[in-house]
file structure.csv (CSV, C-alpha atoms)
chain,number,residue,atom,x,y,z
A,59,MET,CA,-61.3,43.3,30.6
A,60,ARG,CA,-57.7,43.6,31.5
A,61,PRO,CA,-55.5,41.8,28.9
A,62,GLU,CA,-52.7,39.6,30.0
A,63,LYS,CA,-49.1,40.4,29.2
A,64,GLY,CA,-48.0,39.6,25.7
A,65,SER,CA,-49.6,40.0,22.3
A,66,LEU,CA,-53.4,40.3,21.9
A,67,HIS,CA,-55.0,39.7,18.5
A,68,SER,CA,-58.6,40.9,18.0
A,69,LYS,CA,-60.3,40.4,14.7
A,70,PHE,CA,-62.7,43.0,13.3
A,71,ASN,CA,-64.2,43.9,9.9
A,72,LEU,CA,-65.6,47.1,8.4
A,73,LEU,CA,-68.6,47.1,6.0
A,74,LEU,CA,-68.6,50.0,3.5
A,75,SER,CA,-72.1,51.0,2.3
A,76,PRO,CA,-72.7,50.4,-1.4
A,77,LEU,CA,-72.8,53.4,-3.7
A,78,THR,CA,-76.2,54.9,-4.2
A,79,ASP,CA,-77.7,57.3,-6.8
A,80,GLU,CA,-78.1,59.9,-4.1
A,81,ASP,CA,-74.5,59.8,-3.1
A,82,PRO,CA,-72.6,58.1,-6.1
A,83,TYR,CA,-69.1,59.2,-4.9
A,84,LYS,CA,-69.3,58.3,-1.3
A,85,TYR,CA,-66.7,55.6,-1.9
A,86,LEU,CA,-64.2,55.4,-4.7
A,87,PRO,CA,-61.3,53.1,-5.2
A,88,THR,CA,-57.9,53.9,-3.6
A,89,TYR,CA,-55.9,56.1,-6.0
A,90,HIS,CA,-52.6,57.9,-5.8
A,91,GLY,CA,-52.4,60.2,-8.9
A,92,ALA,CA,-50.4,63.1,-10.0
A,93,THR,CA,-52.5,65.7,-8.1
A,94,VAL,CA,-55.6,63.8,-7.1
A,95,TYR,CA,-55.4,61.4,-4.2
A,96,ILE,CA,-58.2,59.1,-3.0
A,97,VAL,CA,-57.1,57.6,0.3
A,98,TYR,CA,-58.7,55.9,3.3
A,99,PHE,CA,-57.2,55.8,6.8
A,100,LEU,CA,-58.0,53.6,9.8
A,101,SER,CA,-57.5,55.3,13.1
A,102,ILE,CA,-56.9,53.2,16.2
A,103,ARG,CA,-56.9,54.5,19.8
A,104,LEU,CA,-56.2,52.4,22.9
A,105,LYS,CA,-57.5,54.2,26.0
A,106,ARG,CA,-55.3,53.8,29.0
A,107,PRO,CA,-55.8,54.4,32.7
A,108,PHE,CA,-55.7,57.8,34.3
A,109,LEU,CA,-52.4,59.8,33.8
A,110,LEU,CA,-51.2,57.3,31.1
A,111,PRO,CA,-51.4,58.7,27.6
A,112,ASP,CA,-53.6,56.9,25.1
A,113,LEU,CA,-51.9,54.9,22.3
A,114,LYS,CA,-52.8,56.0,18.9
A,115,GLU,CA,-52.1,54.8,15.4
A,116,ARG,CA,-53.3,55.7,11.9
A,117,ILE,CA,-52.7,53.4,8.9
A,118,GLU,CA,-53.8,53.7,5.3
A,119,VAL,CA,-56.2,50.9,4.1
A,120,PHE,CA,-56.6,49.9,0.5
A,121,VAL,CA,-60.2,50.1,-0.9
A,122,SER,CA,-61.4,48.5,-4.1
A,123,CYS,CA,-65.0,49.3,-5.0
A,124,GLN,CA,-67.0,46.6,-6.9
A,125,VAL,CA,-70.3,48.5,-6.9
A,126,LEU,CA,-70.1,51.2,-9.5
A,127,SER,CA,-71.8,54.5,-10.0
A,128,PRO,CA,-73.2,55.5,-13.5
A,129,ALA,CA,-70.2,57.8,-13.9
A,130,ILE,CA,-67.7,54.8,-13.7
A,131,PRO,CA,-68.3,52.5,-16.6
A,132,SER,CA,-68.2,48.8,-15.6
A,133,THR,CA,-67.6,47.9,-19.2
A,134,PRO,CA,-66.8,50.0,-22.3
A,135,ASN,CA,-69.7,51.0,-24.6
A,136,THR,CA,-68.2,48.7,-27.2
A,137,LYS,CA,-65.8,45.8,-27.2
A,138,PRO,CA,-62.2,47.1,-26.8
A,139,GLN,CA,-60.6,47.5,-30.2
A,140,MET,CA,-57.0,47.7,-31.4
A,141,LYS,CA,-56.4,51.1,-33.0
A,142,SER,CA,-53.6,51.8,-35.4
A,143,HIS,CA,-51.3,54.8,-34.9
A,144,THR,CA,-48.2,56.0,-36.7
A,145,LEU,CA,-45.1,57.7,-35.4
A,146,GLN,CA,-43.4,59.2,-38.4
A,147,SER,CA,-40.6,61.6,-39.4
A,148,GLN,CA,-38.5,62.1,-42.4
A,149,HIS,CA,-36.1,59.2,-41.4
A,150,THR,CA,-38.3,57.0,-39.1
A,151,GLU,CA,-41.7,55.3,-39.3
A,152,ILE,CA,-43.2,53.2,-36.6
A,153,GLU,CA,-46.6,51.5,-36.6
A,154,LEU,CA,-48.3,51.2,-33.3
A,155,MET,CA,-51.4,49.2,-32.4
A,156,LEU,CA,-53.0,49.9,-29.0
A,157,LEU,CA,-56.2,49.0,-27.3
A,158,ASP,CA,-58.6,51.9,-26.9
A,159,ALA,CA,-60.1,50.4,-23.7
A,160,CYS,CA,-58.5,48.1,-21.1
A,161,SER,CA,-59.6,46.2,-18.1
A,162,LEU,CA,-57.3,46.6,-15.0
A,163,ASP,CA,-56.3,43.0,-15.3
A,164,VAL,CA,-55.4,43.1,-19.0
A,165,ASN,CA,-51.9,41.9,-20.0
A,166,LYS,CA,-51.3,42.5,-23.7
A,167,ILE,CA,-52.3,46.0,-24.8
A,168,GLY,CA,-50.9,46.1,-28.3
A,169,GLU,CA,-47.8,45.7,-30.5
A,170,LEU,CA,-45.2,47.9,-32.2
A,171,GLN,CA,-43.5,47.5,-35.5
A,172,ILE,CA,-40.6,49.5,-36.9
A,173,ILE,CA,-41.3,50.1,-40.6
A,174,LYS,CA,-38.1,52.0,-41.3
A,175,SER,CA,-35.4,53.8,-39.3
A,176,GLU,CA,-32.6,55.5,-41.1
A,177,LYS,CA,-31.3,56.8,-37.8
A,178,THR,CA,-30.3,54.5,-35.0
A,179,ILE,CA,-33.0,54.1,-32.2
A,180,LYS,CA,-31.7,54.5,-28.7
A,181,GLU,CA,-34.8,53.3,-26.9
A,182,ILE,CA,-38.6,53.2,-27.0
A,183,GLU,CA,-40.7,53.8,-23.9
A,184,LEU,CA,-44.4,53.5,-23.0
A,185,PHE,CA,-45.8,55.9,-20.3
A,186,LEU,CA,-49.1,55.7,-18.5
A,187,LEU,CA,-50.4,59.3,-18.1
A,188,CYS,CA,-53.3,60.6,-16.1
A,189,VAL,CA,-55.4,63.6,-16.9
A,190,GLU,CA,-57.0,64.8,-13.7
A,191,THR,CA,-59.7,67.6,-13.8
A,192,TRP,CA,-61.0,69.0,-10.6
A,193,LYS,CA,-63.7,71.6,-11.4
A,194,LEU,CA,-61.9,73.9,-13.9
A,195,THR,CA,-58.4,72.9,-13.1
A,196,GLU,CA,-56.7,70.2,-15.4
A,197,ARG,CA,-53.4,68.6,-14.7
A,198,LYS,CA,-51.5,65.9,-16.5
A,199,GLY,CA,-48.9,63.7,-15.0
A,200,SER,CA,-46.9,60.5,-15.6
A,201,LEU,CA,-47.7,57.5,-13.4
A,202,PHE,CA,-45.7,54.7,-14.8
A,203,SER,CA,-43.2,53.9,-17.5
A,204,LEU,CA,-42.1,50.8,-19.3
A,205,GLN,CA,-39.1,50.3,-21.7
A,206,ILE,CA,-40.3,48.5,-24.8
A,207,VAL,CA,-37.1,48.6,-26.9
A,208,ASP,CA,-33.5,49.1,-25.8
A,209,GLY,CA,-31.3,49.8,-28.8
A,210,ASN,CA,-32.0,49.4,-32.5
A,211,ALA,CA,-34.7,46.8,-33.0
A,212,THR,CA,-35.1,44.6,-36.2
A,213,PRO,CA,-37.2,46.4,-38.8
A,214,MET,CA,-40.6,44.8,-39.6
A,215,LEU,CA,-40.5,42.7,-36.5
A,216,LYS,CA,-43.8,42.9,-34.5
A,217,ILE,CA,-43.0,43.5,-30.9
A,218,PRO,CA,-45.8,42.7,-28.4
A,219,ILE,CA,-46.5,45.2,-25.7
A,220,TYR,CA,-47.4,43.7,-22.3
A,221,PHE,CA,-48.4,46.1,-19.5
A,222,ASN,CA,-49.6,45.5,-15.9
A,223,PHE,CA,-51.6,48.4,-14.6
A,224,PRO,CA,-50.2,49.5,-11.3
A,225,ARG,CA,-53.4,49.3,-9.2
A,226,PHE,CA,-52.1,51.7,-6.6
A,227,PHE,CA,-51.8,54.4,-9.3
A,228,SER,CA,-54.7,53.5,-11.6
A,229,ILE,CA,-58.5,53.2,-11.2
A,230,PRO,CA,-61.5,53.0,-13.6
A,231,SER,CA,-61.9,56.1,-15.7
A,232,ILE,CA,-64.1,58.7,-13.9
A,233,SER,CA,-66.2,61.4,-15.4
A,234,SER,CA,-68.5,63.7,-13.5
A,235,SER,CA,-69.4,67.4,-13.4
A,236,THR,CA,-66.7,68.1,-10.9
A,237,LEU,CA,-64.1,65.3,-11.1
A,238,LYS,CA,-62.6,63.6,-14.1
A,239,ILE,CA,-59.8,61.1,-14.0
A,240,GLN,CA,-58.8,59.9,-17.5
A,241,PHE,CA,-55.8,58.0,-18.8
A,242,MET,CA,-53.5,58.0,-21.8
A,243,PHE,CA,-50.7,55.9,-23.2
A,244,LYS,CA,-47.7,57.9,-24.4
A,245,VAL,CA,-45.1,56.2,-26.7
A,246,SER,CA,-41.7,57.9,-26.8
A,247,VAL,CA,-39.1,57.0,-29.4
A,248,GLN,CA,-35.6,58.5,-28.7
A,249,LEU,CA,-33.0,58.4,-31.4
A,250,VAL,CA,-29.2,58.5,-30.8
A,251,ASP,CA,-29.0,62.1,-32.1
A,252,GLN,CA,-31.3,63.0,-29.1
A,253,SER,CA,-34.3,63.7,-31.3
A,254,LYS,CA,-37.7,62.2,-30.3
A,255,LEU,CA,-40.9,61.0,-31.7
A,256,GLU,CA,-43.9,60.9,-29.3
A,257,LYS,CA,-47.5,59.9,-29.6
A,258,GLU,CA,-50.3,60.2,-27.0
A,259,VAL,CA,-53.3,57.9,-27.2
A,260,PRO,CA,-56.3,58.1,-24.9
A,261,VAL,CA,-57.5,54.8,-23.2
A,262,SER,CA,-60.5,54.0,-21.1
A,263,ILE,CA,-60.0,51.8,-18.0
A,264,PHE,CA,-62.6,49.7,-16.4
A,265,LEU,CA,-62.9,47.1,-13.7
A,266,PRO,CA,-62.3,43.4,-14.5
A,267,ASN,CA,-65.4,41.2,-14.6
A,268,ALA,CA,-67.6,44.1,-13.5
A,269,SER,CA,-71.1,43.7,-14.9
call {"tool": "encode", "arguments": {"input": "structure.csv", "output": "structure tokens"}}
result
Amino acid sequence: MRPEKGSLHSKFNLLLSPLTDEDPYKYLPTYHGATVYIVYFLSIRLKRPFLLPDLKERIEVFVSCQVLSPAIPSTPNTKPQMKSHTLQSQHTEIELMLLDACSLDVNKIGELQIIKSEKTIKEIELFLLCVETWKLTERKGSLFSLQIVDGNATPMLKIPIYFNFPRFFSIPSISSSTLKIQFMFKVSVQLVDQSKLEKEVPVSIFLPNAS
């Protein structure tokens, strides 16, 4: 068929086979990590008559798997719990409550309370870290950051922490014999004298409404 001049729109769809026990990692969700990348590309080629070069294009497509392998938990083993953590020095004490497991569509992940601070706080930041292990090589990287406090906050005031997981950079936690992708929250408190208090807290991530 010879198309007429102008734009031609042709609809098509692709069906990805579901994960199986024999090949549990045939498809994984799109993920752009610190050192591990799981990406999918769609290649298109338009063949043209003799002596005319073919037209080619390759674009990245976003894949979100709803069928899970046993190595990717659809839900945590227990209901997500708020766990208490303390950032403490001689002059500063901060109480931190964070979920130990989160769905990718969760909003509120915890709260922060400044118990005392004899030194002025410059800012408090929350980082989403990834810990990627490929065979025997482990790498840690920062994927996303969020400023919780700018300046000296009121002591004893409970500050809620809301966080939207960047889907492009986060997927359900994966653990297998060769590949592990795990996540951590890091809270960093910077004082005006340039000293810092930091706390890293592991978190399991799972798909929303996956069961």
call {"tool": "closest_residue", "arguments": {"input": "structure.csv", "among": "A:Lys69, A:Arg116, A:Arg103, A:His149", "to": "Leu255 of chain A", "atoms": "all atoms listed in the file"}}
result
A:His149
call {"tool": "atom_distance", "arguments": {"input": "structure.csv", "atom1": "atom CA of Ile117 of chain A", "atom2": "atom CA of Leu265 of chain A"}}
result
25.6 Å
call {"tool": "atom_distance", "arguments": {"input": "structure.csv", "atom1": "atom CA of Val250 of chain A", "atom2": "atom CA of Thr150 of chain A"}}
result
12.4 Å
call {"tool": "residues_around", "arguments": {"input": "structure.csv", "residues": "Glu115 of chain A", "least_positions_apart": "4", "cutoff": "12 Å", "atoms": "all atoms listed in the file", "output": "short mmCIF file (atom, residue, chain, number, x, y, z; two decimals) with C-alpha atoms, in the frame of the given file"}}
result
data_model
loop_
_atom_site.label_atom_id
_atom_site.label_comp_id
_atom_site.auth_asym_id
_atom_site.auth_seq_id
_atom_site.Cartn_x
_atom_site.Cartn_y
_atom_site.Cartn_z
CA PHE A 99 -57.20 55.80 6.80
CA LEU A 100 -58.00 53.60 9.80
CA SER A 101 -57.50 55.30 13.10
CA ILE A 102 -56.90 53.20 16.20
CA ARG A 103 -56.90 54.50 19.80
CA LEU A 104 -56.20 52.40 22.90
CA LYS A 105 -57.50 54.20 26.00
#
call {"tool": "atom_distance", "arguments": {"input": "structure.csv", "atom1": "atom CA of Pro218 of chain A", "atom2": "atom CA of Leu170 of chain A"}}
result
6.5 Å
call {"tool": "residues_around", "arguments": {"input": "structure.csv", "residues": "Thr212 of chain A", "least_positions_apart": "2", "cutoff": "10 Å", "atoms": "only C-alpha atoms", "output": "VMD selection string"}}
result
chain A and resid 171 to 175 209 to 210 214 to 217
call {"tool": "write_last_selection", "arguments": {"input": "structure.csv", "atoms": "C-alpha atoms", "output": "short mmCIF file (atom, residue, chain, number, x, y, z; two decimals), in the frame of the given file"}}
result
data_model
loop_
_atom_site.label_atom_id
_atom_site.label_comp_id
_atom_site.auth_asym_id
_atom_site.auth_seq_id
_atom_site.Cartn_x
_atom_site.Cartn_y
_atom_site.Cartn_z
CA GLN A 171 -43.50 47.50 -35.50
CA ILE A 172 -40.60 49.50 -36.90
CA ILE A 173 -41.30 50.10 -40.60
CA LYS A 174 -38.10 52.00 -41.30
CA SER A 175 -35.40 53.80 -39.30
CA GLY A 209 -31.30 49.80 -28.80
CA ASN A 210 -32.00 49.40 -32.50
CA MET A 214 -40.60 44.80 -39.60
CA LEU A 215 -40.50 42.70 -36.50
CA LYS A 216 -43.80 42.90 -34.50
CA ILE A 217 -43.00 43.50 -30.90
#
call {"tool": "residues_near_point", "arguments": {"input": "structure.csv", "point": "(-50.7, 60.2, -3.9)", "cutoff": "12 Å", "atoms": "only C-alpha atoms", "output": "list in words"}}
result
Thr88, Tyr89, His90, Gly91, Ala92, Thr93, Val94, Tyr95, Ile96, Val97, Tyr98, Glu118, Gly199, Leu201, Phe226, Phe227 and Ser228 of chain A
call {"tool": "closest_residue", "arguments": {"input": "structure.csv", "among": "A:Ile167, A:Val259, A:Leu204, A:Ile239", "to": "Phe185 of chain A", "atoms": "all atoms listed in the file"}}
result
A:Leu204
call {"tool": "residues_around", "arguments": {"input": "structure.csv", "residues": "Ser231 of chain A", "least_positions_apart": "4", "cutoff": "7 Å", "atoms": "all atoms listed in the file", "output": "compact mmCIF listing (two decimals) with C-alpha atoms, in the frame of the given file"}}
result
# COMPACT_ATOMS: atom_id res chain seq x y z
CA ILE A 130 -67.70 54.80 -13.70
CA ILE A 239 -59.80 61.10 -14.00
CA GLN A 240 -58.80 59.90 -17.50
CA SER A 262 -60.50 54.00 -21.10
CA ILE A 263 -60.00 51.80 -18.00
CA PHE A 264 -62.60 49.70 -16.40
call {"tool": "closest_residue", "arguments": {"input": "structure.csv", "among": "A:Ser253, A:Asn71, A:Ser200, A:Ser147", "to": "Leu186 of chain A", "atoms": "only C-alpha atoms"}}
result
A:Ser200
call {"tool": "residues_around", "arguments": {"input": "structure.csv", "residues": "Leu194 of chain A", "least_positions_apart": "5", "cutoff": "12 Å", "atoms": "all atoms listed in the file", "output": "list in words"}}
result
Ser235, Thr236, Leu237 and Lys238 of chain A
call {"tool": "write_last_selection", "arguments": {"input": "structure.csv", "atoms": "C-alpha atoms", "output": "PDB file, in the frame of the given file"}}
result
ATOM      1  CA  SER A 235     -69.400  67.400 -13.400  1.00  0.00           C
ATOM      2  CA  THR A 236     -66.700  68.100 -10.900  1.00  0.00           C
ATOM      3  CA  LEU A 237     -64.100  65.300 -11.100  1.00  0.00           C
ATOM      4  CA  LYS A 238     -62.600  63.600 -14.100  1.00  0.00           C
TER       5      LYS A 238
END
call {"tool": "closest_residue", "arguments": {"input": "structure.csv", "among": "A:Leu66, A:Val261, A:Ile206, A:Val245", "to": "Pro230 of chain A", "atoms": "all atoms listed in the file"}}
result
A:Val261
call {"tool": "decode", "arguments": {"input": "structure.csv", "residues": "segment 100-219 of chain A", "atoms": "C-alpha atoms", "output": "compact mmCIF listing (two decimals), in the first residue's frame"}}
result
# COMPACT_ATOMS: atom_id res chain seq x y z
CA LEU A 100 10.94 0.22 20.72
CA SER A 101 12.73 0.19 17.36
CA ILE A 102 10.84 1.32 14.26
CA ARG A 103 12.05 0.96 10.67
CA LEU A 104 10.28 2.21 7.58
CA LYS A 105 11.54 0.38 4.52
CA ARG A 106 11.80 2.54 1.44
CA PRO A 107 12.21 1.81 -2.28
CA PHE A 108 15.52 0.88 -3.87
CA LEU A 109 18.36 3.42 -3.42
CA LEU A 110 16.45 5.33 -0.76
CA PRO A 111 17.72 4.79 2.82
CA ASP A 112 15.34 3.25 5.33
CA LEU A 113 13.97 5.52 8.06
CA LYS A 114 14.81 4.32 11.56
CA GLU A 115 13.84 5.49 15.03
CA ARG A 116 14.36 4.08 18.53
CA ILE A 117 12.44 5.36 21.55
CA GLU A 118 12.36 4.28 25.17
CA VAL A 119 9.04 2.88 26.39
CA PHE A 120 7.90 2.81 30.01
CA VAL A 121 7.06 -0.64 31.41
CA SER A 122 5.17 -1.25 34.66
CA CYS A 123 4.80 -4.91 35.63
CA GLN A 124 1.68 -5.93 37.52
CA VAL A 125 2.49 -9.65 37.54
CA LEU A 126 5.16 -10.28 40.16
CA SER A 127 7.76 -12.94 40.68
CA PRO A 128 8.26 -14.45 44.16
CA ALA A 129 11.38 -12.30 44.56
CA ILE A 130 9.34 -9.09 44.31
CA PRO A 131 6.93 -8.89 47.23
CA SER A 132 3.48 -7.65 46.25
CA THR A 133 2.81 -6.73 49.86
CA PRO A 134 5.10 -6.65 52.89
CA ASN A 135 5.13 -9.64 55.21
CA THR A 136 3.46 -7.53 57.89
CA LYS A 137 1.47 -4.33 57.85
CA PRO A 138 3.75 -1.26 57.41
CA GLN A 139 4.70 0.16 60.78
CA MET A 140 5.92 3.56 61.90
CA LYS A 141 9.34 3.04 63.48
CA SER A 142 10.96 5.52 65.85
CA HIS A 143 14.51 6.78 65.26
CA THR A 144 16.58 9.39 67.07
CA LEU A 145 19.19 11.80 65.73
CA GLN A 146 21.16 12.98 68.72
CA SER A 147 24.28 14.94 69.59
CA GLN A 148 25.43 16.89 72.62
CA HIS A 149 23.41 19.94 71.57
CA THR A 150 20.65 18.57 69.34
CA GLU A 151 18.00 15.87 69.60
CA ILE A 152 15.48 15.06 66.87
CA GLU A 153 12.80 12.36 66.99
CA LEU A 154 11.98 10.73 63.67
CA MET A 155 9.07 8.43 62.78
CA LEU A 156 9.26 6.64 59.42
CA LEU A 157 7.39 3.79 57.75
CA ASP A 158 9.45 0.60 57.42
CA ALA A 159 7.56 -0.36 54.21
CA CYS A 160 5.84 1.81 51.61
CA SER A 161 3.63 1.39 48.59
CA LEU A 162 4.72 3.35 45.53
CA ASP A 163 1.55 5.44 45.79
CA VAL A 164 1.96 6.33 49.48
CA ASN A 165 1.97 10.03 50.43
CA LYS A 166 2.70 10.47 54.12
CA ILE A 167 5.73 8.45 55.19
CA GLY A 168 6.29 9.80 58.69
CA GLU A 169 6.89 12.83 60.86
CA LEU A 170 9.74 14.70 62.51
CA GLN A 171 9.96 16.48 65.85
CA ILE A 172 12.79 18.65 67.12
CA ILE A 173 13.10 17.84 70.83
CA LYS A 174 15.92 20.30 71.50
CA SER A 175 18.43 22.29 69.49
CA GLU A 176 20.92 24.50 71.28
CA LYS A 177 22.53 25.26 67.93
CA THR A 178 20.62 26.87 65.07
CA ILE A 179 19.44 24.44 62.37
CA LYS A 180 20.17 25.49 58.79
CA GLU A 181 18.08 22.84 57.04
CA ILE A 182 16.78 19.26 57.24
CA GLU A 183 16.67 17.11 54.12
CA LEU A 184 15.29 13.67 53.26
CA PHE A 185 17.07 11.54 50.65
CA LEU A 186 15.88 8.41 48.87
CA LEU A 187 18.90 6.12 48.51
CA CYS A 188 19.23 2.95 46.48
CA VAL A 189 21.50 0.03 47.34
CA GLU A 190 22.14 -1.95 44.17
CA THR A 191 23.92 -5.31 44.28
CA TRP A 192 24.87 -7.10 41.08
CA LYS A 193 26.47 -10.46 41.94
CA LEU A 194 29.22 -9.41 44.39
CA THR A 195 29.35 -5.70 43.57
CA GLU A 196 27.35 -3.32 45.78
CA ARG A 197 26.83 0.35 45.03
CA LYS A 198 24.86 3.00 46.90
CA GLY A 199 23.50 6.14 45.31
CA SER A 200 21.11 9.02 45.93
CA LEU A 201 18.02 9.11 43.71
CA PHE A 202 15.93 11.97 45.07
CA SER A 203 16.01 14.61 47.79
CA LEU A 204 13.36 16.62 49.61
CA GLN A 205 13.82 19.61 51.92
CA ILE A 206 11.77 19.12 55.11
CA VAL A 207 12.89 22.16 57.11
CA ASP A 208 14.46 25.44 55.98
CA GLY A 209 15.84 27.33 58.95
CA ASN A 210 15.27 26.79 62.64
CA ALA A 211 11.91 25.05 63.24
CA THR A 212 9.80 25.40 66.35
CA PRO A 213 10.83 22.86 69.03
CA MET A 214 8.31 20.10 69.91
CA LEU A 215 6.30 20.82 66.74
CA LYS A 216 5.46 17.60 64.87
CA ILE A 217 6.28 18.13 61.19
CA PRO A 218 4.58 15.66 58.80
CA ILE A 219 6.73 14.22 56.02
